[in-house]
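Student: Compact mmCIF, C-alpha atoms, file input-v2.txt:
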# COMPACT_ATOMS: atom_id res chain seq x y z
CA MET U 1 -18.83 20.85 0.82
CA PHE U 2 -16.19 18.16 1.10
CA SER U 3 -15.44 16.74 4.51
CA LYS U 4 -11.79 16.01 5.31
CA GLY U 5 -10.21 12.61 5.04
CA SER U 6 -12.34 9.70 4.05
CA GLU U 7 -11.38 6.27 5.33
CA GLY U 8 -8.02 5.23 3.90
CA GLY U 9 -7.42 8.59 2.27
CA ASP U 10 -8.52 9.99 -1.07
CA THR U 11 -8.39 8.38 -4.47
CA ILE U 12 -6.53 10.72 -6.78
CA ILE U 13 -6.23 10.30 -10.53
CA ALA U 14 -3.67 12.96 -11.38
CA GLN U 15 -2.76 14.49 -14.71
CA GLY U 16 -0.74 12.11 -16.84
CA VAL U 17 -2.77 9.04 -15.80
CA ARG U 18 -5.74 7.43 -17.54
CA LEU U 19 -8.24 5.11 -15.82
CA GLU U 20 -10.23 2.75 -18.06
CA GLY U 21 -13.12 0.62 -16.78
CA GLU U 22 -15.43 0.35 -13.78
CA PHE U 23 -14.14 2.20 -10.75
CA LYS U 24 -15.94 1.94 -7.38
CA SER U 25 -14.86 3.60 -4.16
CA ALA U 26 -16.15 4.30 -0.67
CA GLY U 27 -13.94 7.36 -0.25
CA ARG U 28 -13.48 10.80 -1.75
CA VAL U 29 -12.36 10.82 -5.38
CA VAL U 30 -10.32 13.59 -7.01
CA ILE U 31 -9.77 13.49 -10.77
CA GLU U 32 -7.31 15.64 -12.69
CA GLY U 33 -6.46 13.04 -15.34
CA GLU U 34 -8.53 10.98 -17.79
CA VAL U 35 -11.28 8.46 -17.11
CA VAL U 36 -13.18 6.25 -19.57
CA GLY U 37 -15.89 3.95 -18.18
CA ASN U 38 -17.91 4.41 -14.99
CA ILE U 39 -17.09 6.05 -11.66
CA GLU U 40 -19.05 5.34 -8.51
CA THR U 41 -18.38 6.53 -4.99
CA THR U 42 -20.51 6.73 -1.87
CA ALA U 43 -18.58 9.87 -0.90
CA ASP U 44 -17.76 13.07 -2.82
CA ILE U 45 -16.11 13.57 -6.21
CA LEU U 46 -14.05 16.51 -7.42
CA ILE U 47 -13.33 16.83 -11.12
CA GLY U 48 -10.54 19.30 -11.76
CA GLU U 49 -10.07 21.78 -14.57
CA ASN U 50 -7.67 19.53 -16.51
CA ALA U 51 -9.74 16.37 -16.18
CA ALA U 52 -11.26 14.70 -19.24
CA ILE U 53 -13.96 12.17 -18.39
CA GLN U 54 -16.03 9.97 -20.65
CA ALA U 55 -17.95 8.13 -17.99
CA ASN U 56 -21.17 8.00 -16.02
CA ILE U 57 -20.64 9.39 -12.53
CA ALA U 58 -22.45 8.45 -9.30
CA ALA U 59 -21.51 10.18 -6.03
CA ARG U 60 -22.87 11.89 -2.92
CA ASN U 61 -21.69 15.40 -3.88
CA ALA U 62 -19.87 16.51 -7.04
CA THR U 63 -17.79 19.54 -7.91
CA ILE U 64 -16.99 19.76 -11.60
CA ALA U 65 -14.50 22.09 -13.26
CA GLY U 66 -13.38 19.94 -16.24
CA TYR U 67 -14.72 18.06 -19.25
CA VAL U 68 -17.37 15.39 -18.65
CA LYS U 69 -19.21 13.35 -21.26
CA GLY U 70 -21.67 11.11 -19.43
CA ASP U 71 -24.60 11.14 -17.02
CA ILE U 72 -24.12 12.51 -13.51
CA SER U 73 -26.20 11.05 -10.70
CA VAL U 74 -25.64 12.69 -7.32
CA ALA U 75 -27.50 12.14 -4.03
CA GLU U 76 -27.02 15.68 -2.74
CA LYS U 77 -25.37 18.63 -4.52
CA VAL U 78 -23.66 19.26 -7.86
CA GLU U 79 -21.49 22.36 -8.22
CA ILE U 80 -20.41 23.25 -11.73
CA GLY U 81 -17.50 25.68 -12.12
CA PRO U 82 -16.97 28.25 -14.92
CA THR U 83 -14.44 26.03 -16.74
CA ALA U 84 -16.70 22.96 -16.83
CA GLU U 85 -17.92 21.44 -20.07
CA ILE U 86 -20.58 18.80 -19.56
CA THR U 87 -22.48 16.69 -22.09
CA GLY U 88 -24.93 14.45 -20.26
CA ASP U 89 -27.94 14.36 -17.95
CA ILE U 90 -27.75 15.49 -14.33
CA ASN U 91 -29.82 14.13 -11.42
CA ALA U 92 -29.29 15.84 -8.05
CA GLN U 93 -31.07 17.47 -5.12
CA VAL U 94 -29.27 20.79 -5.55
CA LEU U 95 -27.52 22.25 -8.60
CA ALA U 96 -25.24 25.30 -8.64
CA ILE U 97 -23.80 26.50 -11.95
CA GLU U 98 -21.33 29.35 -12.32
CA ALA U 99 -21.38 31.69 -15.31
CA GLY U 100 -19.22 30.39 -18.15
CA ALA U 101 -19.97 26.69 -17.65
CA ARG U 102 -21.23 24.73 -20.66
CA LEU U 103 -23.93 22.14 -20.17
CA VAL U 104 -25.72 20.07 -22.81
CA GLY U 105 -28.21 17.71 -21.25
CA LYS U 106 -31.31 17.26 -19.17
CA CYS U 107 -31.34 18.24 -15.47
CA VAL U 108 -33.65 16.71 -12.88
CA ILE U 109 -33.18 18.66 -9.66
CA GLY U 110 -34.89 18.55 -6.27
CA GLU U 111 -36.47 15.97 -4.00
CA VAL U 112 -37.61 13.80 -6.93
CA ALA U 113 -34.04 13.42 -8.21
CA GLY U 114 -32.70 12.81 -4.70
CA GLN U 115 -35.27 10.10 -4.06
CA LYS U 116 -34.59 8.55 -7.46
CA ASN U 117 -30.86 8.41 -6.76
CA LYS U 118 -31.46 6.93 -3.31
CA LYS U 119 -33.75 4.28 -4.79
CA GLU U 120 -31.18 3.40 -7.45
CA LYS U 121 -28.54 3.03 -4.77
CA GLU U 122 -30.76 0.79 -2.64
CA GLU U 123 -31.45 -1.42 -5.64
CA MET J 1 5.94 -21.52 24.44
CA TYR J 2 8.38 -18.82 23.34
CA PHE J 3 11.07 -19.71 20.81
CA TYR J 4 14.02 -17.46 19.98
CA LEU J 5 15.56 -17.23 16.50
CA TYR J 6 19.03 -15.64 16.70
CA ASP J 7 20.83 -14.20 13.68
CA SER J 8 24.29 -15.63 13.09
CA TYR J 9 26.12 -12.33 13.74
CA LEU J 10 24.99 -12.37 17.38
CA GLY J 11 27.66 -15.01 18.07
CA GLU J 12 30.32 -12.29 17.72
CA GLY J 13 32.06 -11.27 20.96
CA LYS J 14 30.86 -7.65 20.89
CA TYR J 15 27.25 -8.74 21.39
CA GLU J 16 28.02 -11.10 24.27
CA LYS J 17 27.25 -8.58 27.05
CA GLU J 18 24.03 -7.29 25.47
CA MET J 19 22.81 -10.81 24.77
CA SER J 20 23.45 -11.99 28.33
CA GLU J 21 21.55 -8.94 29.66
CA ILE J 22 18.62 -9.74 27.35
CA GLU J 23 18.62 -13.42 28.31
CA SER J 24 18.70 -12.73 32.04
CA TYR J 25 15.89 -10.13 31.73
CA LEU J 26 13.80 -12.62 29.75
CA THR J 27 14.31 -15.06 32.62
CA ASP J 28 13.13 -12.40 35.13
CA LEU J 29 10.03 -11.83 32.98
CA GLY J 30 9.40 -15.57 32.75
CA ILE J 31 9.39 -15.69 28.97
CA THR J 32 12.48 -17.73 28.18
CA GLY J 33 12.48 -20.50 25.61
CA PRO J 34 14.62 -22.59 23.29
CA ILE J 35 17.16 -20.72 21.14
CA GLU J 36 18.35 -21.57 17.62
CA ARG J 37 20.86 -19.67 15.51
CA VAL J 38 20.71 -19.05 11.76
CA SER J 39 23.78 -20.52 10.04
CA VAL J 40 24.95 -21.63 6.64
CA PHE J 41 23.34 -25.01 7.26
CA LYS J 42 20.21 -23.74 9.03
CA THR J 43 18.01 -21.20 7.27
CA VAL J 44 15.27 -19.12 8.89
CA LYS J 45 12.73 -21.46 7.29
CA ASP J 46 14.42 -24.57 8.74
CA ILE J 47 14.42 -23.01 12.20
CA LEU J 48 10.77 -21.95 11.98
CA LYS J 49 9.77 -25.45 10.87
CA SER J 50 11.57 -26.98 13.82
CA ALA J 51 10.09 -24.35 16.21
CA VAL J 52 6.54 -25.15 15.12
CA LYS J 53 7.28 -28.88 15.40
CA LYS J 54 8.46 -28.35 18.98
CA GLY J 55 5.19 -26.59 19.79
CA ALA J 56 6.26 -22.93 19.76
CA LYS J 57 3.36 -20.48 19.88
CA THR J 58 5.53 -17.36 19.75
CA VAL J 59 8.71 -17.02 17.70
CA VAL J 60 10.93 -14.06 18.55
CA ILE J 61 13.33 -12.83 15.88
CA VAL J 62 16.52 -11.58 17.50
CA GLY J 63 18.64 -9.53 15.13
CA ASN J 64 18.57 -6.44 12.93
CA ASP J 65 16.54 -5.16 9.94
CA ASN J 66 18.24 -7.66 7.61
CA THR J 67 17.24 -10.55 9.88
CA PHE J 68 13.63 -9.28 9.79
CA ARG J 69 13.71 -8.91 5.98
CA GLU J 70 14.98 -12.49 5.62
CA ALA J 71 12.35 -13.76 8.04
CA ILE J 72 9.47 -11.93 6.35
CA LYS J 73 10.10 -13.97 3.19
CA VAL J 74 8.88 -17.10 4.99
CA ILE J 75 6.96 -16.18 8.15
CA PRO J 76 3.52 -15.83 6.49
CA ASP J 77 3.70 -19.60 5.94
CA PHE J 78 3.78 -20.23 9.70
CA SER J 79 0.76 -19.77 11.90
CA VAL J 80 2.43 -18.51 15.08
CA THR J 81 2.81 -15.11 16.76
CA PHE J 82 6.06 -13.26 16.02
CA GLY J 83 8.08 -10.86 18.11
CA LEU J 84 11.27 -8.88 17.58
CA ILE J 85 14.28 -8.09 19.74
CA PRO J 86 16.41 -5.59 17.80
CA VAL J 87 20.10 -5.96 18.60
CA GLY J 88 23.12 -4.26 17.05
CA GLY J 89 22.42 -0.72 15.89
CA GLU J 90 19.26 1.27 15.27
CA SER J 91 16.46 -0.73 13.68
CA ASP J 92 14.04 1.17 11.46
CA ILE J 93 11.60 -1.75 11.42
CA ALA J 94 11.57 -1.84 15.22
CA LYS J 95 10.81 1.91 15.28
CA PHE J 96 7.93 1.35 12.87
CA LEU J 97 6.57 -1.44 15.08
CA GLY J 98 7.09 0.64 18.23
CA ILE J 99 9.67 -1.74 19.68
CA PRO J 100 12.56 -0.22 21.66
CA GLN J 101 16.16 -1.24 21.06
CA GLY J 102 17.96 -4.06 22.89
CA VAL J 103 17.03 -5.15 26.39
CA LEU J 104 14.09 -2.69 26.64
CA SER J 105 12.31 -4.60 23.89
CA CYS J 106 11.79 -7.47 26.38
CA ASP J 107 9.16 -5.35 28.14
CA THR J 108 7.28 -4.96 24.83
CA LEU J 109 7.47 -8.70 24.36
CA SER J 110 6.13 -9.28 27.86
CA ALA J 111 3.31 -6.71 27.46
CA ARG J 112 2.23 -8.71 24.40
CA ILE J 113 0.15 -6.27 22.34
CA VAL J 114 -0.57 -8.33 19.24
CA GLU J 115 -1.53 -6.74 15.92
CA LYS J 116 -2.54 -8.62 12.80
CA ILE J 117 -0.39 -7.16 10.03
CA ASP J 118 -0.81 -7.56 6.26
CA ILE J 119 1.97 -8.96 4.17
CA GLY J 120 2.13 -8.24 0.46
CA LYS J 121 2.69 -10.99 -2.07
CA ILE J 122 4.10 -10.74 -5.58
CA SER J 123 3.89 -13.69 -7.93
CA THR J 124 4.72 -14.41 -11.53
CA PRO J 125 1.92 -16.57 -12.99
CA GLY J 126 4.00 -17.31 -16.06
CA GLY J 127 6.66 -18.95 -13.91
CA SER J 128 9.44 -16.75 -12.64
CA ARG J 129 13.09 -17.26 -13.18
CA HIS J 130 13.64 -15.97 -9.66
CA GLU J 131 11.07 -17.59 -7.41
CA SER J 132 9.53 -21.02 -7.41
CA GLY J 133 5.82 -20.88 -8.07
CA ASN J 134 4.26 -19.50 -4.89
CA GLY J 135 5.66 -16.00 -5.12
CA LYS J 136 7.49 -13.73 -2.80
CA TYR J 137 6.28 -11.91 0.31
CA PHE J 138 7.02 -8.26 1.04
CA PHE J 139 6.54 -6.10 4.09
CA SER J 140 6.96 -2.63 2.70
CA SER J 141 6.69 -1.89 -1.01
CA VAL J 142 7.11 -2.84 -4.64
CA THR J 143 8.47 -0.14 -6.94
CA ILE J 144 8.63 0.09 -10.71
CA PRO J 145 10.75 3.05 -11.75
CA LYS J 146 10.30 5.04 -14.97
CA THR J 147 7.60 3.01 -16.67
CA LEU J 148 4.68 3.37 -19.08
CA ASN J 149 3.30 -0.05 -18.16
CA LYS J 150 -0.44 -0.56 -17.97
CA MET J 151 -1.82 -2.04 -14.73
CA ARG J 152 -5.01 -4.08 -14.34
CA CYS J 153 -6.49 -3.37 -10.90
CA ASP J 154 -8.99 -5.56 -9.01
CA GLY J 155 -9.98 -7.12 -12.35
CA SER J 156 -12.25 -4.15 -13.08
CA PHE J 157 -10.19 -1.22 -14.36
CA ASN J 158 -6.88 -0.37 -16.01
CA LEU J 159 -4.48 2.39 -15.06
CA VAL J 160 -2.29 3.73 -17.80
CA PRO J 161 0.48 6.24 -17.16
CA LYS J 162 0.39 8.51 -20.21
CA GLU J 163 3.78 9.91 -19.31
CA MET J 164 6.80 8.15 -17.87
CA GLY J 165 5.91 7.40 -14.25
CA ASN J 166 7.31 5.88 -11.06
CA ILE J 167 4.97 3.29 -9.60
CA THR J 168 5.08 2.49 -5.88
CA ILE J 169 2.83 -0.15 -4.37
CA CYS J 170 2.90 0.01 -0.57
CA ASN J 171 1.75 -2.32 2.16
CA THR J 172 3.20 -0.20 4.95
CA SER J 173 4.65 3.30 5.14
CA PHE J 174 7.93 1.76 6.27
CA SER J 175 10.56 2.35 3.55
CA GLU J 176 12.37 5.29 1.99
CA GLU J 177 10.15 4.99 -1.08
CA ALA J 178 6.95 5.09 0.96
CA ALA J 179 8.20 7.91 3.20
CA SER J 180 9.04 10.06 0.16
CA LEU J 181 5.37 9.90 -0.89
CA GLN J 182 4.41 11.97 2.18
CA TYR J 183 1.14 10.12 2.58
CA ASP J 184 -0.11 9.47 6.11
CA PHE J 185 -3.01 7.10 5.63
CA MET J 186 -1.21 3.82 4.92
CA ASP J 187 -2.41 1.16 7.31
CA PRO J 188 -0.74 -2.27 7.36
CA ARG J 189 -3.95 -3.77 8.81
CA ASP J 190 -6.50 -2.65 6.20
CA GLY J 191 -6.00 -5.59 3.82
CA LYS J 192 -5.34 -3.21 0.94
CA LEU J 193 -2.40 -1.95 -1.05
CA ASP J 194 -1.77 1.74 -1.64
CA LEU J 195 -0.85 2.35 -5.26
CA PHE J 196 0.96 5.57 -6.23
CA ILE J 197 1.87 6.77 -9.71
CA SER J 198 4.13 9.80 -9.89
CA THR J 199 4.48 11.20 -13.38
CA SER J 200 6.97 13.83 -14.44
CA PRO J 201 5.91 17.45 -13.91
CA PRO J 202 5.14 19.50 -17.04
CA SER J 203 7.95 22.05 -16.84
CA PHE J 204 11.40 21.26 -18.31
CA PHE J 205 13.25 21.83 -15.01
CA GLY J 206 10.58 19.91 -13.16
CA LYS J 207 11.12 16.97 -15.54
CA VAL J 208 14.90 17.12 -15.05
CA ARG J 209 14.54 17.21 -11.25
CA TRP J 210 12.02 14.35 -11.32
CA TRP J 211 14.25 12.25 -13.60
CA PHE J 212 17.14 12.53 -11.14
CA GLY J 213 15.01 11.37 -8.24
CA GLY J 214 13.47 14.60 -6.97
CA LYS J 215 9.99 14.53 -5.48
CA ALA J 216 7.22 14.79 -8.00
CA ASN J 217 4.81 17.67 -7.80
CA ALA J 218 1.96 16.51 -5.54
CA ALA J 219 -0.55 17.43 -8.23
CA ARG J 220 1.05 14.80 -10.50
CA GLN J 221 0.80 11.99 -7.97
CA SER J 222 -2.08 9.56 -8.33
CA HIS J 223 -3.19 7.40 -5.43
CA LEU J 224 -5.61 4.48 -5.22
CA THR J 225 -6.25 1.72 -2.70
CA VAL J 226 -6.56 -1.67 -4.40
CA ASN J 227 -6.60 -5.37 -3.60
CA LYS J 228 -4.87 -6.81 -6.66
CA ILE J 229 -2.67 -5.48 -9.44
CA ARG J 230 -1.57 -7.28 -12.58
CA ILE J 231 1.27 -5.90 -14.67
CA GLU J 232 2.07 -7.30 -18.09
CA SER J 233 4.79 -6.38 -20.51
CA GLU J 234 5.82 -8.21 -23.68
CA SER J 235 9.38 -6.96 -23.34
CA GLY J 236 9.59 -7.70 -19.60
CA VAL J 237 9.52 -5.39 -16.62
CA ALA J 238 11.90 -4.89 -13.69
CA VAL J 239 10.33 -4.47 -10.26
CA TYR J 240 11.99 -3.89 -6.89
CA VAL J 241 10.42 -5.90 -4.08
CA ASP J 242 11.55 -4.43 -0.75
CA LYS J 243 14.56 -3.25 -2.77
CA ALA J 244 15.36 -6.70 -4.28
CA LYS J 245 15.13 -6.74 -8.09
CA MET J 246 12.88 -9.16 -10.00
CA GLU J 247 12.34 -9.27 -13.76
CA ASP J 248 9.56 -10.98 -15.69
CA LYS J 249 6.80 -10.43 -18.24
CA VAL J 250 3.82 -10.79 -15.89
CA PHE J 251 3.49 -9.90 -12.21
CA GLU J 252 0.50 -10.24 -9.90
CA ILE J 253 0.65 -8.24 -6.70
CA GLY J 254 -1.78 -8.64 -3.82
CA MET J 255 -1.92 -9.65 -0.18
CA ALA J 256 -0.88 -12.93 1.42
CA GLU J 257 -3.94 -14.97 2.40
CA GLU J 258 -3.08 -14.87 6.10
CA LYS J 259 -2.09 -11.81 8.10
CA ILE J 260 0.84 -12.26 10.45
CA ARG J 261 0.38 -11.83 14.17
CA PHE J 262 3.11 -9.59 15.51
CA ILE J 263 3.89 -8.32 19.02
CA VAL J 264 4.15 -4.52 18.74
CA GLY J 265 4.86 -1.62 21.07
CA ARG J 266 2.67 1.27 22.17
CA GLY J 267 4.76 3.67 20.08
CA ARG J 268 4.05 1.91 16.78
CA LEU J 269 3.64 4.15 13.73
CA PHE J 270 0.26 2.83 12.57
Rewrite the structure of this file - the entire thing - as structure tokens.
Tutor:
Amino acid sequence: MFSKGSEGGDTIIAQGVRLEGEFKSAGRVVIEGEVVGNIETTADILIGENAAIQANIAARNATIAGYVKGDISVAEKVEIGPTAEITGDINAQVLAIEAGARLVGKCVIGEVAGQKNKKEKEE
Amino acid sequence: MYFYLYDSYLGEGKYEKEMSEIESYLTDLGITGPIERVSVFKTVKDILKSAVKKGAKTVVIVGNDNTFREAIKVIPDFSVTFGLIPVGGESDIAKFLGIPQGVLSCDTLSARIVEKIDIGKISTPGGSRHESGNGKYFFSSVTIPKTLNKMRCDGSFNLVPKEMGNITICNTSFSEEAASLQYDFMDPRDGKLDLFISTSPPSFFGKVRWWFGGKANAARQSHLTVNKIRIESESGVAVYVDKAKMEDKVFEIGMAEEKIRFIVGRGRLF
């Protein structure tokens, strides 16, 4: 799902580091540490098994294997792994959830969600 | 007009032959110009001021890596094109810029491929004990070893190492510190700084190895590209700017307003 090498390389928040505030990027974002606030990227986001996120997330594609408390708004596809624990609403075109994942929230999936996300981005 | 800034050590007898070869080849290429030597009474800044006054459009630094490091502290203040003739031993900076050693570098100078290169700037808004007001320029990196200091980035988010971490802020991949990060995307023309935080690995032996300078586990290395970083510490913090130590309570790190124009070779590493 992820294409290699966004411009300027990836943003990586590794274990042992906490990001607080509004983070915006035009490249791929990989999170294994902690985030509190908002994350926005026009590319893809990967949330690792050890990540703990209390933030709203906006991205093109998202793969989630860790803890997320916040709304997820994705233009294309969200993949949720078996270790993921999500509390929040999801808007995406495509949603794939593996057995074992925990999700508490409302999901809006399909063209409607994709168009909504696109519109939000344009605004 | 070309202007040549010679380091003081080039006056030594052992460089006489190499320097005369360089000077005669520069004559053949038609790019000769006035020469001034750095001395106790004439700093790099003094020479650059006089070069600009005389109408120089290109200033060529003739010397080694130390000459370049001294020059970089002041050259962003001068709006001319810079070149480099490395003389006296291998020059790592010349390799990075794709400039061959000695007389061969004259061809690079003559070919005149000019790149606009970013220069980092570190300042101490509270008033540093080390620098007067305007701050200090750096070519390669700023490092803060073994710290838990919070950093404010681009005025919009904070980064907090939750475990003791080494912080490296790079403008270019040229330096031992930057090379050890094994990261290939650093571009000295992108107008951004690459910020790395390496925290100690979780295992006991990993921690011991990390503490004594071993490479951190890649999974424990954070990386972000940012424009501005502010570091504050009530008790003061020690930073190493291109290896030179500075200490203060507040540091602001970003880019110099103007990029420098530098003549580079085809084999440059960016």
Student: Near Ser198 of chain J, within 7 Å and counting only C-alpha atoms, which residues show up once chain neighbours fewer than 6 positions away are dropped, as a PyMOL selection string?
Tutor: chain J and resi 165-167+216+220-222
Student: Show me, as JSON, numbers by chain, the residues of chain J whose atoms get within 10 Å of chain U, using only C-alpha atoms for the distance check.
Tutor: {"J": [148, 150, 151, 152, 153, 154, 155, 156, 157, 158, 159, 160, 161, 162, 163, 164, 165, 183, 184, 185, 186, 187, 190, 192, 194, 195, 196, 197, 198, 199, 200, 201, 202, 218, 219, 220, 221, 222, 223, 224, 225, 226]}
Student: List as a ChimeraX atom specification the protein and nucleic acid residues near Leu48 of chain J, meaning an atom at most 8 Å away when all atoms listed in the file are counted, but skip any in the same chain fewer than 6 places from it.
Tutor: /J:59,75,78
Student: Could you state the separation of atom CA of Phe174 of chain J and atom CA of Phe3 of chain J in Å, given to one decimal place?
Tutor: 26.1 Å
Student: Step by step: start from the point (-24.0, 11.5, -14.4) in the file's coordinates, keep every protein, DNA or RNA residue that has an atom no farther than 9 Å from it, count all atoms listed in the file, and write the set as number ranges by chain.
Tutor: U: 55-59, 68-74, 88-91
Student: Could you turn the residues from that selection into a file that holds C-alpha atoms, as a short mmCIF file (atom, residue, chain, number, x, y, z; two decimals), in the frame of the given file?
Tutor:
data_model
loop_
_atom_site.label_atom_id
_atom_site.label_comp_id
_atom_site.auth_asym_id
_atom_site.auth_seq_id
_atom_site.Cartn_x
_atom_site.Cartn_y
_atom_site.Cartn_z
CA ALA U 55 -17.95 8.13 -17.99
CA ASN U 56 -21.17 8.00 -16.02
CA ILE U 57 -20.64 9.39 -12.53
CA ALA U 58 -22.45 8.45 -9.30
CA ALA U 59 -21.51 10.18 -6.03
CA VAL U 68 -17.37 15.39 -18.65
CA LYS U 69 -19.21 13.35 -21.26
CA GLY U 70 -21.67 11.11 -19.43
CA ASP U 71 -24.60 11.14 -17.02
CA ILE U 72 -24.12 12.51 -13.51
CA SER U 73 -26.20 11.05 -10.70
CA VAL U 74 -25.64 12.69 -7.32
CA GLY U 88 -24.93 14.45 -20.26
CA ASP U 89 -27.94 14.36 -17.95
CA ILE U 90 -27.75 15.49 -14.33
CA ASN U 91 -29.82 14.13 -11.42
#
Student: Can you tell me which residues surround Ile144 of chain J at a distance of at most 10 Å, considering only C-alpha atoms, apart from same-chain residues fewer than 2 positions away, and format the answer as number ranges by chain?
Tutor: J: 142, 146-149, 165-169, 197, 237-241, 245
Student: Which residue is closest to Glu49 of chain U? Choose from U:Gly66, U:Ala99, U:Asn61, U:Val104 and count only C-alpha atoms.
Tutor: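 The closest residue to Glu49 of chain U is U:Gly66.
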Student: I need every residue sitting at most 7 Å from the point (-22.5, 25.6, -11.6) (coordinates as in the file, all atoms listed in the file considered), written as a PyMOL selection string.
Tutor: chain U and resi 79-82+95-98+101
Student: Those selected residues, please, written with C-alpha atoms and delivered as a tab-separated table (two decimals), in the frame of the given file.
Tutor:
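The result, stored in part_15.tsv:
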chain	number	residue	atom	x	y	z
U	79	GLU	CA	-21.49	22.36	-8.22
U	80	ILE	CA	-20.41	23.25	-11.73
U	81	GLY	CA	-17.50	25.68	-12.12
U	82	PRO	CA	-16.97	28.25	-14.92
U	95	LEU	CA	-27.52	22.25	-8.60
U	96	ALA	CA	-25.24	25.30	-8.64
U	97	ILE	CA	-23.80	26.50	-11.95
U	98	GLU	CA	-21.33	29.35	-12.32
U	101	ALA	CA	-19.97	26.69	-17.65
Student: Could you check how far atom CA of Glu16 of chain J sits from atom CA of Gly98 of chain J, in Å to one decimal?
Tutor: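 Atom-to-atom, atom CA of Glu16 of chain J and atom CA of Gly98 of chain J are spaced 24.7 Å apart.
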Student: With all atoms listed in the file as the counted atoms, please give the residues lying no more than 7 Å from Ile253 of chain J, apart from itself and same-chain residues fewer than 5 positions off, as a ChimeraX atom specification.
Tutor: /J:121-123,228-230
Student: For the residues in the current selection, export C-alpha atoms as a PDB file, in the frame of the given file.
Tutor:
ATOM      1  CA  LYS J 121       2.690 -10.990  -2.070  1.00  0.00           C
ATOM      2  CA  ILE J 122       4.100 -10.740  -5.580  1.00  0.00           C
ATOM      3  CA  SER J 123       3.890 -13.690  -7.930  1.00  0.00           C
ATOM      4  CA  LYS J 228      -4.870  -6.810  -6.660  1.00  0.00           C
ATOM      5  CA  ILE J 229      -2.670  -5.480  -9.440  1.00  0.00           C
ATOM      6  CA  ARG J 230      -1.570  -7.280 -12.580  1.00  0.00           C
TER       7      ARG J 230
END
Student: Just give me the gap between atom CA of Gly265 of chain J and atom CA of Thr172 of chain J in Å, one decimal is fine.
Tutor: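 Going from atom CA of Gly265 of chain J over to atom CA of Thr172 of chain J, I get 16.3 Å.
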Student: For Glu90 of chain J, find every residue with an atom within 10 Å (counting all atoms listed in the file), except residues of its own chain fewer than 3 positions away, and show them as a compact mmCIF listing (two decimals) with C-alpha atoms, keeping the file's coordinate frame.
Tutor:
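Everything below was put into around-v2.txt:
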# COMPACT_ATOMS: atom_id res chain seq x y z
CA ASN J 64 18.57 -6.44 12.93
CA ASP J 65 16.54 -5.16 9.94
CA PRO J 86 16.41 -5.59 17.80
CA VAL J 87 20.10 -5.96 18.60
CA ILE J 93 11.60 -1.75 11.42
CA ALA J 94 11.57 -1.84 15.22
CA LYS J 95 10.81 1.91 15.28
CA PRO J 100 12.56 -0.22 21.66
CA GLN J 101 16.16 -1.24 21.06
CA GLY J 102 17.96 -4.06 22.89
Student: Kindly write segment 50-85 of chain U with C-alpha atoms to a file, as an mmCIF file, in the first residue's frame.
Tutor:
data_model
loop_
_atom_site.group_PDB
_atom_site.id
_atom_site.type_symbol
_atom_site.label_atom_id
_atom_site.label_comp_id
_atom_site.auth_asym_id
_atom_site.auth_seq_id
_atom_site.Cartn_x
_atom_site.Cartn_y
_atom_site.Cartn_z
ATOM 1 C CA ASN U 50 3.777 0.258 20.303
ATOM 2 C CA ALA U 51 2.325 3.623 19.317
ATOM 3 C CA ALA U 52 -0.067 5.473 21.619
ATOM 4 C CA ILE U 53 -1.965 8.267 19.894
ATOM 5 C CA GLN U 54 -4.495 10.700 21.264
ATOM 6 C CA ALA U 55 -5.057 12.718 18.136
ATOM 7 C CA ASN U 56 -7.245 13.175 15.099
ATOM 8 C CA ILE U 57 -5.573 11.709 12.025
ATOM 9 C CA ALA U 58 -5.903 12.807 8.391
ATOM 10 C CA ALA U 59 -3.976 10.958 5.665
ATOM 11 C CA ARG U 60 -4.206 9.378 2.214
ATOM 12 C CA ASN U 61 -3.855 5.771 3.436
ATOM 13 C CA ALA U 62 -3.500 4.500 7.016
ATOM 14 C CA THR U 63 -2.232 1.264 8.503
ATOM 15 C CA ILE U 64 -2.933 0.998 12.215
ATOM 16 C CA ALA U 65 -1.527 -1.574 14.618
ATOM 17 C CA GLY U 66 -1.405 0.463 17.864
ATOM 18 C CA TYR U 67 -3.591 2.506 20.202
ATOM 19 C CA VAL U 68 -5.520 5.440 18.731
ATOM 20 C CA LYS U 69 -7.997 7.691 20.512
ATOM 21 C CA GLY U 70 -9.333 10.167 17.958
ATOM 22 C CA ASP U 71 -11.099 10.433 14.616
ATOM 23 C CA ILE U 72 -9.465 8.994 11.505
ATOM 24 C CA SER U 73 -10.147 10.639 8.171
ATOM 25 C CA VAL U 74 -8.513 8.917 5.204
ATOM 26 C CA ALA U 75 -8.913 9.642 1.471
ATOM 27 C CA GLU U 76 -8.346 6.054 0.348
ATOM 28 C CA LYS U 77 -7.811 2.960 2.515
ATOM 29 C CA VAL U 78 -7.581 2.183 6.241
ATOM 30 C CA GLU U 79 -6.043 -1.133 7.290
ATOM 31 C CA ILE U 80 -6.484 -2.109 10.921
ATOM 32 C CA GLY U 81 -4.212 -4.833 12.298
ATOM 33 C CA PRO U 82 -5.062 -7.419 15.002
ATOM 34 C CA THR U 83 -3.203 -5.472 17.718
ATOM 35 C CA ALA U 84 -4.990 -2.168 17.053
ATOM 36 C CA GLU U 85 -7.195 -0.502 19.634
#
